[in-house]
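Just protein.tsv here, TSV, C-alpha atoms (C1' of nucleotides):
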```tsv
chain	number	residue	atom	x	y	z
I	276	MET	CA	-46.30	-81.70	-26.92
I	277	LYS	CA	-45.59	-78.26	-28.30
I	278	ASN	CA	-47.86	-75.31	-27.64
I	279	GLN	CA	-49.54	-76.91	-24.67
I	280	GLU	CA	-51.52	-73.76	-23.90
I	281	ALA	CA	-53.02	-73.77	-27.35
I	282	GLN	CA	-53.94	-77.43	-26.95
I	283	ASP	CA	-55.65	-76.76	-23.64
I	284	LEU	CA	-57.46	-73.71	-24.90
I	285	TYR	CA	-58.70	-75.00	-28.23
I	286	GLN	CA	-58.91	-78.72	-27.59
I	287	PRO	CA	-62.69	-78.63	-26.96
I	288	PHE	CA	-63.36	-76.93	-30.29
I	289	PHE	CA	-60.96	-78.35	-32.87
I	290	GLU	CA	-60.39	-81.80	-34.37
I	291	GLU	CA	-57.27	-83.65	-33.41
I	292	ALA	CA	-55.74	-83.23	-36.87
I	293	LEU	CA	-56.22	-79.48	-36.74
I	294	LEU	CA	-54.71	-79.27	-33.27
I	295	GLN	CA	-51.73	-81.15	-34.65
I	296	GLU	CA	-51.30	-78.62	-37.45
I	297	ILE	CA	-51.66	-75.72	-35.05
I	298	ALA	CA	-48.94	-77.23	-32.92
I	299	GLN	CA	-46.78	-77.80	-35.97
I	300	PHE	CA	-47.12	-74.46	-37.77
I	301	GLY	CA	-48.07	-72.01	-35.04
I	302	LEU	CA	-45.33	-69.73	-33.84
I	303	LYS	CA	-45.50	-68.82	-30.19
I	304	LYS	CA	-44.91	-65.16	-29.63
I	305	SER	CA	-44.54	-63.39	-26.28
I	306	VAL	CA	-44.84	-59.63	-26.16
I	307	LYS	CA	-44.35	-57.06	-23.43
I	308	GLU	CA	-46.86	-54.45	-22.39
I	309	GLY	CA	-46.88	-51.58	-24.87
I	310	PHE	CA	-45.49	-53.62	-27.77
I	311	ALA	CA	-46.92	-52.61	-31.14
I	312	LEU	CA	-48.13	-55.85	-32.71
I	313	MET	CA	-49.63	-54.20	-35.74
I	314	GLU	CA	-49.40	-50.77	-37.27
I	315	ILE	CA	-51.77	-49.14	-39.71
I	316	GLY	CA	-50.81	-49.99	-43.27
I	317	GLN	CA	-48.64	-52.89	-42.25
I	318	LYS	CA	-48.97	-56.12	-44.19
I	319	VAL	CA	-50.72	-58.98	-42.44
I	320	THR	CA	-48.70	-62.17	-42.71
I	321	HIS	CA	-49.94	-64.12	-39.73
I	322	MET	CA	-53.17	-64.62	-37.95
I	323	PRO	CA	-52.91	-64.35	-34.18
I	324	LEU	CA	-54.64	-66.63	-31.71
I	325	MET	CA	-54.57	-65.10	-28.26
I	326	LEU	CA	-53.29	-67.42	-25.56
I	327	SER	CA	-53.04	-64.98	-22.69
I	328	GLY	CA	-52.96	-61.27	-21.99
I	329	ALA	CA	-54.87	-58.54	-23.76
I	330	ILE	CA	-54.44	-56.45	-26.88
I	331	LYS	CA	-55.77	-52.96	-27.38
I	332	ILE	CA	-57.21	-52.26	-30.84
I	333	LEU	CA	-57.02	-48.66	-32.00
I	334	GLN	CA	-58.17	-46.73	-35.01
I	335	GLU	CA	-56.50	-43.52	-36.07
I	336	ASP	CA	-58.23	-40.43	-37.43
I	337	LYS	CA	-56.80	-38.20	-40.12
I	338	GLU	CA	-55.11	-35.93	-37.58
I	339	GLY	CA	-53.25	-38.95	-36.27
I	340	ASN	CA	-55.10	-39.21	-32.97
I	341	ASP	CA	-55.73	-42.67	-31.58
I	342	LEU	CA	-59.16	-43.89	-30.68
I	343	LEU	CA	-59.73	-47.04	-28.68
I	344	LEU	CA	-62.06	-49.50	-30.39
I	345	TYR	CA	-61.97	-52.58	-28.15
I	346	PHE	CA	-59.79	-55.18	-26.50
I	347	ILE	CA	-59.12	-58.75	-27.54
I	348	GLU	CA	-58.27	-61.40	-24.99
I	349	ARG	CA	-57.54	-65.08	-24.43
I	350	GLY	CA	-59.32	-67.23	-27.00
I	351	ASP	CA	-60.05	-64.30	-29.28
I	352	THR	CA	-58.63	-63.69	-32.67
I	353	CYS	CA	-58.36	-60.56	-34.73
I	354	ALA	CA	-61.27	-59.71	-37.01
I	355	MET	CA	-59.08	-57.40	-39.02
I	356	THR	CA	-56.85	-60.31	-39.90
I	357	LEU	CA	-59.86	-62.31	-40.99
I	358	ASN	CA	-60.90	-59.37	-43.09
I	359	CYS	CA	-57.50	-59.19	-44.70
I	360	CYS	CA	-57.76	-62.80	-45.82
I	361	LEU	CA	-60.79	-61.96	-47.90
I	362	GLY	CA	-59.22	-59.13	-49.84
I	363	ASN	CA	-56.37	-56.76	-49.41
I	364	THR	CA	-53.69	-57.57	-46.91
I	365	LYS	CA	-53.05	-54.22	-45.28
I	366	SER	CA	-54.09	-53.55	-41.72
I	367	ASP	CA	-56.43	-50.63	-41.04
I	368	ILE	CA	-55.87	-50.71	-37.33
I	369	ARG	CA	-53.15	-50.43	-34.74
I	370	ALA	CA	-52.70	-53.16	-32.13
I	371	ILE	CA	-50.83	-52.54	-28.90
I	372	ALA	CA	-50.28	-55.07	-26.10
I	373	GLU	CA	-52.22	-53.76	-23.12
I	374	ILE	CA	-50.42	-56.14	-20.77
I	375	ASP	CA	-47.75	-58.79	-21.32
I	376	SER	CA	-49.32	-61.27	-23.71
I	377	GLU	CA	-48.76	-64.54	-25.52
I	378	LEU	CA	-50.00	-65.28	-29.00
I	379	LEU	CA	-49.83	-68.09	-31.45
I	380	MET	CA	-49.06	-66.83	-34.93
I	381	ILE	CA	-50.52	-68.85	-37.79
I	382	PRO	CA	-49.15	-68.18	-41.28
I	383	ILE	CA	-51.98	-66.68	-43.24
I	384	HIS	CA	-51.78	-69.04	-46.22
I	385	LEU	CA	-52.91	-71.89	-43.98
I	386	MET	CA	-56.21	-70.18	-43.39
I	387	ASP	CA	-57.64	-71.10	-46.81
I	388	GLU	CA	-56.43	-74.65	-46.53
I	389	TRP	CA	-57.92	-75.11	-43.09
I	390	MET	CA	-61.20	-73.54	-44.10
I	391	VAL	CA	-61.61	-76.34	-46.58
I	392	LYS	CA	-60.16	-79.16	-44.52
I	393	TYR	CA	-61.62	-78.49	-41.08
I	394	PRO	CA	-65.27	-77.73	-40.31
I	395	SER	CA	-64.33	-76.70	-36.79
I	396	TRP	CA	-61.93	-74.10	-38.15
I	397	ARG	CA	-64.58	-72.75	-40.47
I	398	LYS	CA	-66.96	-72.51	-37.55
I	399	PHE	CA	-64.33	-70.81	-35.42
I	400	VAL	CA	-63.58	-68.21	-38.09
I	401	PHE	CA	-67.21	-67.39	-38.74
I	402	GLU	CA	-68.03	-67.20	-35.07
I	403	SER	CA	-65.05	-64.99	-34.38
I	404	TYR	CA	-66.04	-62.78	-37.24
I	405	HIS	CA	-69.55	-62.57	-35.92
I	406	ILE	CA	-68.42	-61.68	-32.41
I	407	ARG	CA	-65.93	-59.07	-33.64
I	408	PHE	CA	-68.51	-57.56	-35.93
I	409	LYS	CA	-70.97	-57.19	-33.09
I	410	GLU	CA	-68.27	-55.71	-30.92
I	411	MET	CA	-67.40	-53.25	-33.65
I	412	LEU	CA	-71.00	-52.13	-33.88
I	413	GLN	CA	-71.07	-51.70	-30.15
I	414	ALA	CA	-67.92	-49.64	-30.29
I	415	ILE	CA	-69.41	-47.39	-32.96
I	416	ASP	CA	-72.63	-47.06	-31.01
I	417	ASN	CA	-70.67	-46.21	-27.91
I	418	ILE	CA	-68.55	-43.56	-29.58
I	419	ALA	CA	-71.36	-42.01	-31.56
I	420	PHE	CA	-74.21	-42.02	-29.10
I	421	SER	CA	-72.86	-42.28	-25.57
I	422	ASN	CA	-71.96	-39.36	-23.35
I	423	MET	CA	-68.39	-39.10	-22.30
I	424	ASP	CA	-69.18	-40.20	-18.75
I	425	GLU	CA	-70.73	-43.43	-20.02
I	426	ARG	CA	-67.74	-44.04	-22.24
I	427	LEU	CA	-65.42	-43.40	-19.33
I	428	THR	CA	-67.31	-45.83	-17.11
I	429	LYS	CA	-67.21	-48.52	-19.78
I	430	TYR	CA	-63.53	-47.82	-20.36
I	431	LEU	CA	-62.71	-48.27	-16.68
I	432	LEU	CA	-64.68	-51.50	-16.48
I	433	ASP	CA	-62.97	-52.82	-19.62
I	434	LEU	CA	-59.56	-51.99	-18.26
I	435	ALA	CA	-60.30	-53.57	-14.89
I	436	SER	CA	-61.53	-56.72	-16.60
I	437	VAL	CA	-58.64	-56.88	-19.02
I	438	ARG	CA	-56.02	-56.34	-16.34
I	439	GLY	CA	-57.81	-58.54	-13.83
I	440	SER	CA	-57.71	-55.93	-11.10
I	441	ASP	CA	-60.04	-53.31	-9.69
I	442	THR	CA	-57.11	-50.99	-9.19
I	443	ILE	CA	-55.96	-49.56	-12.48
I	444	LYS	CA	-52.60	-47.90	-12.85
I	445	ILE	CA	-53.14	-45.13	-15.36
I	446	THR	CA	-52.99	-41.35	-15.68
I	447	HIS	CA	-55.84	-39.07	-16.63
I	448	GLN	CA	-53.87	-38.02	-19.68
I	449	GLU	CA	-53.63	-41.60	-20.98
I	450	ILE	CA	-57.37	-42.05	-20.55
I	451	ALA	CA	-57.97	-38.80	-22.41
I	452	VAL	CA	-55.89	-40.06	-25.35
I	453	ASP	CA	-57.71	-43.40	-25.51
I	454	LEU	CA	-61.12	-41.79	-25.35
I	455	HIS	CA	-60.06	-39.00	-27.65
I	456	THR	CA	-60.91	-36.14	-25.34
I	457	SER	CA	-59.05	-33.68	-23.08
I	458	ARG	CA	-57.59	-34.34	-19.68
I	459	VAL	CA	-59.72	-31.60	-18.11
I	460	VAL	CA	-62.83	-33.56	-18.98
I	461	VAL	CA	-61.41	-36.84	-17.72
I	462	SER	CA	-60.33	-35.26	-14.44
I	463	ARG	CA	-63.72	-33.65	-13.98
I	464	LEU	CA	-65.69	-36.82	-14.73
I	465	LEU	CA	-63.43	-38.94	-12.54
I	466	LYS	CA	-63.94	-36.45	-9.73
I	467	LYS	CA	-67.69	-36.78	-10.20
I	468	LEU	CA	-67.46	-40.57	-9.99
I	469	GLU	CA	-65.33	-40.27	-6.89
I	470	ASN	CA	-67.93	-38.03	-5.25
I	471	LYS	CA	-70.54	-40.67	-6.02
I	472	LYS	CA	-68.28	-43.19	-4.24
I	473	ALA	CA	-68.03	-45.23	-7.44
I	474	ILE	CA	-64.25	-45.01	-7.56
I	475	ALA	CA	-61.31	-43.88	-5.47
I	476	LEU	CA	-58.67	-41.64	-6.97
I	477	ASN	CA	-54.96	-41.77	-6.29
I	478	ARG	CA	-51.98	-40.44	-8.10
I	479	ASN	CA	-51.31	-42.75	-11.06
I	480	SER	CA	-54.09	-45.15	-10.17
I	481	ILE	CA	-57.84	-45.51	-9.96
I	482	GLU	CA	-59.67	-47.99	-7.77
I	483	ILE	CA	-63.10	-49.15	-8.87
I	484	ILE	CA	-65.51	-49.50	-5.97
I	485	LYS	CA	-68.92	-49.80	-7.59
I	486	LEU	CA	-69.72	-48.76	-11.12
T	106	DT	C1'	-74.73	-26.23	-22.41
T	107	DC	C1'	-70.66	-28.60	-22.69
T	108	DA	C1'	-65.84	-29.53	-24.67
T	109	DT	C1'	-61.40	-27.58	-25.49
T	110	DT	C1'	-57.37	-24.85	-24.66
T	111	DA	C1'	-54.30	-22.43	-21.82
T	112	DA	C1'	-52.86	-21.28	-17.55
T	113	DC	C1'	-51.99	-21.76	-12.64
T	114	DA	C1'	-51.25	-23.76	-7.89
T	115	DC	C1'	-50.45	-27.75	-5.12
T	116	DG	C1'	-47.91	-31.72	-3.68
T	117	DG	C1'	-45.26	-36.10	-4.02
T	118	DG	C1'	-41.32	-38.40	-5.63
R	291	DC	C1'	-37.49	-29.73	-10.19
R	292	DC	C1'	-40.81	-32.47	-12.91
R	293	DC	C1'	-45.07	-34.67	-13.35
R	294	DG	C1'	-49.82	-35.70	-12.29
R	295	DT	C1'	-53.75	-33.61	-10.61
R	296	DG	C1'	-57.57	-30.27	-9.70
R	297	DT	C1'	-59.51	-25.98	-11.06
R	298	DT	C1'	-60.69	-21.79	-13.50
R	299	DA	C1'	-61.31	-18.43	-17.34
R	300	DA	C1'	-61.95	-17.69	-22.13
R	301	DT	C1'	-63.64	-19.31	-26.36
R	302	DG	C1'	-66.26	-21.93	-29.58
R	303	DA	C1'	-69.67	-25.36	-31.31
```

Same coordinates, now as structure tokens:
Amino acid sequence: MKNQEAQDLYQPFFEEALLQEIAQFGLKKSVKEGFALMEIGQKVTHMPLMLSGAIKILQEDKEGNDLLLYFIERGDTCAMTLNCCLGNTKSDIRAIAEIDSELLMIPIHLMDEWMVKYPSWRKFVFESYHIRFKEMLQAIDNIAFSNMDERLTKYLLDLASVRGSDTIKITHQEIAVDLHTSRVVVSRLLKKLENKKAIALNRNSIEIIKL
DNA sequence: TCATTAACACGGG
DNA sequence: CCCGTGTTAATGA
């Protein structure tokens, strides 16, 4: 059987016939850490189903600075893609592989067909949309109303979860870019967390002790 | 008050 | 030496 991972992952949710179609039409795609899966303005031709790994979703402001919105992981799909199926087909976001990842690419024209044919697919799409929408609101809330130290804490926890390790290999500068702030601030806040024994700092890596 | 920018010193690879 | 880190001073919101 092709696409065994997809079968295992989605078998509880989808009808047999749908699983068959997924196996038949889905293109398995493996990407390395840092690979740009989607750029702003790029046309959306496939809908990704995450099999493993993690993807970082970024928005860009008018000066061209990145801003981290959220991560998508195993079992997730991309809300932006869903959005694109309802109207225009251009992506508004940038998607970068946070770690090595595997995806199953479904040609977008199948979406409509499956929506009609398979109740489980319809349910999956609406639920995904719902989850992404909530996550988006959270992201907005976080950016608009949280202090930088709260955002930093959440960021570290997200990264640890996404990478499956309490020790994160990253520089202060990279954090600053993701959170859209300056390295001075990141260094200062990290130092504060270290003093509170919440984390341990090393060159090129941060260990989470208790956040 | 707090973030940003620029600048500097320190130290490890 | 280069890069990441920790800090400070000046400036602005």

Point to revise | Atomic distance atom CA of Asn340 of chain I - atom CA of Leu454 of chain I, expressed in Å with one decimal | key: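 The value is 10.0 Å.
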
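Of the listed residues (I:Val459, I:Ile368, I:Leu476, I:Ile484), I:Val459 comes nearest to chain T; the distances count all atoms listed in the file.
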
Point to revise | Spatial neighbours of DG294 of chain R, 8 Å, only C-alpha atoms (C1' of nucleotides), chain gap at least 4 places, as a list in words | key: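 Returned residues: Thr446, Arg478 and Asn479 of chain I.
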
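If you look at atom CA of His384 of chain I and atom CA of Gln299 of chain I, they are 14.4 Å away from each other.
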
Point to revise | Non-local contacts of Ser480 of chain I (9 Å; only C-alpha atoms (C1' of nucleotides); under 6 positions in same chain excluded) as a ChimeraX atom specification | key: /I:442-446

Residues from the last selection, C-alpha atoms, saved as a PDB file, keeping the file's coordinate frame:
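Wrote selection19.pdb, looks like this:
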```pdb
ATOM      1  CA  THR I 442     -57.110 -50.990  -9.190  1.00  0.00           C
ATOM      2  CA  ILE I 443     -55.960 -49.560 -12.480  1.00  0.00           C
ATOM      3  CA  LYS I 444     -52.600 -47.900 -12.850  1.00  0.00           C
ATOM      4  CA  ILE I 445     -53.140 -45.130 -15.360  1.00  0.00           C
ATOM      5  CA  THR I 446     -52.990 -41.350 -15.680  1.00  0.00           C
TER       6      THR I 446
END
```

Exercise for review: May I ask you to extract the residues of chain I within 12 Å of chain T, using all atoms listed in the file, and to give them as a VMD selection string?
Suggested key: chain I and resid 422 to 423 455 to 461 463 477 to 479

Counting all atoms listed in the file, which residues of chain R fall within 10 Å of chain I, and what is the closest atom pair for each with its distance in Å at one decimal, ordered by chain and rising number, as JSON lines?
```
{"residue": "R:DG294", "atom": "C1'", "partner": "I:Arg478", "partner_atom": "CA", "distance": 6.7}
{"residue": "R:DT295", "atom": "C1'", "partner": "I:Arg478", "partner_atom": "CA", "distance": 7.5}
{"residue": "R:DG296", "atom": "C1'", "partner": "I:Ser462", "partner_atom": "CA", "distance": 7.4}
{"residue": "R:DT297", "atom": "C1'", "partner": "I:Val459", "partner_atom": "CA", "distance": 9.0}
```

Show me, as lines of an AutoDock Vina configuration file, the centre and edge lengths in Å to one decimal of the axis-aligned box that covers every listed atom of chain T with 5 Å on each side.
```
center_x = -58.0
center_y = -29.8
center_z = -14.6
size_x = 43.4
size_y = 27.1
size_z = 31.8
```

Review point. So what do you get for atom CA of Phe408 of chain I versus atom CA of Ala329 of chain I, distance-wise?
Key: 18.3 Å

Review point. Hey, can you pull every residue with an atom no more than 9 Å from (-47.2, -52.8, -22.3), using all atoms listed in the file, and send it as number ranges by chain?
Key: I: 306-311, 371-376
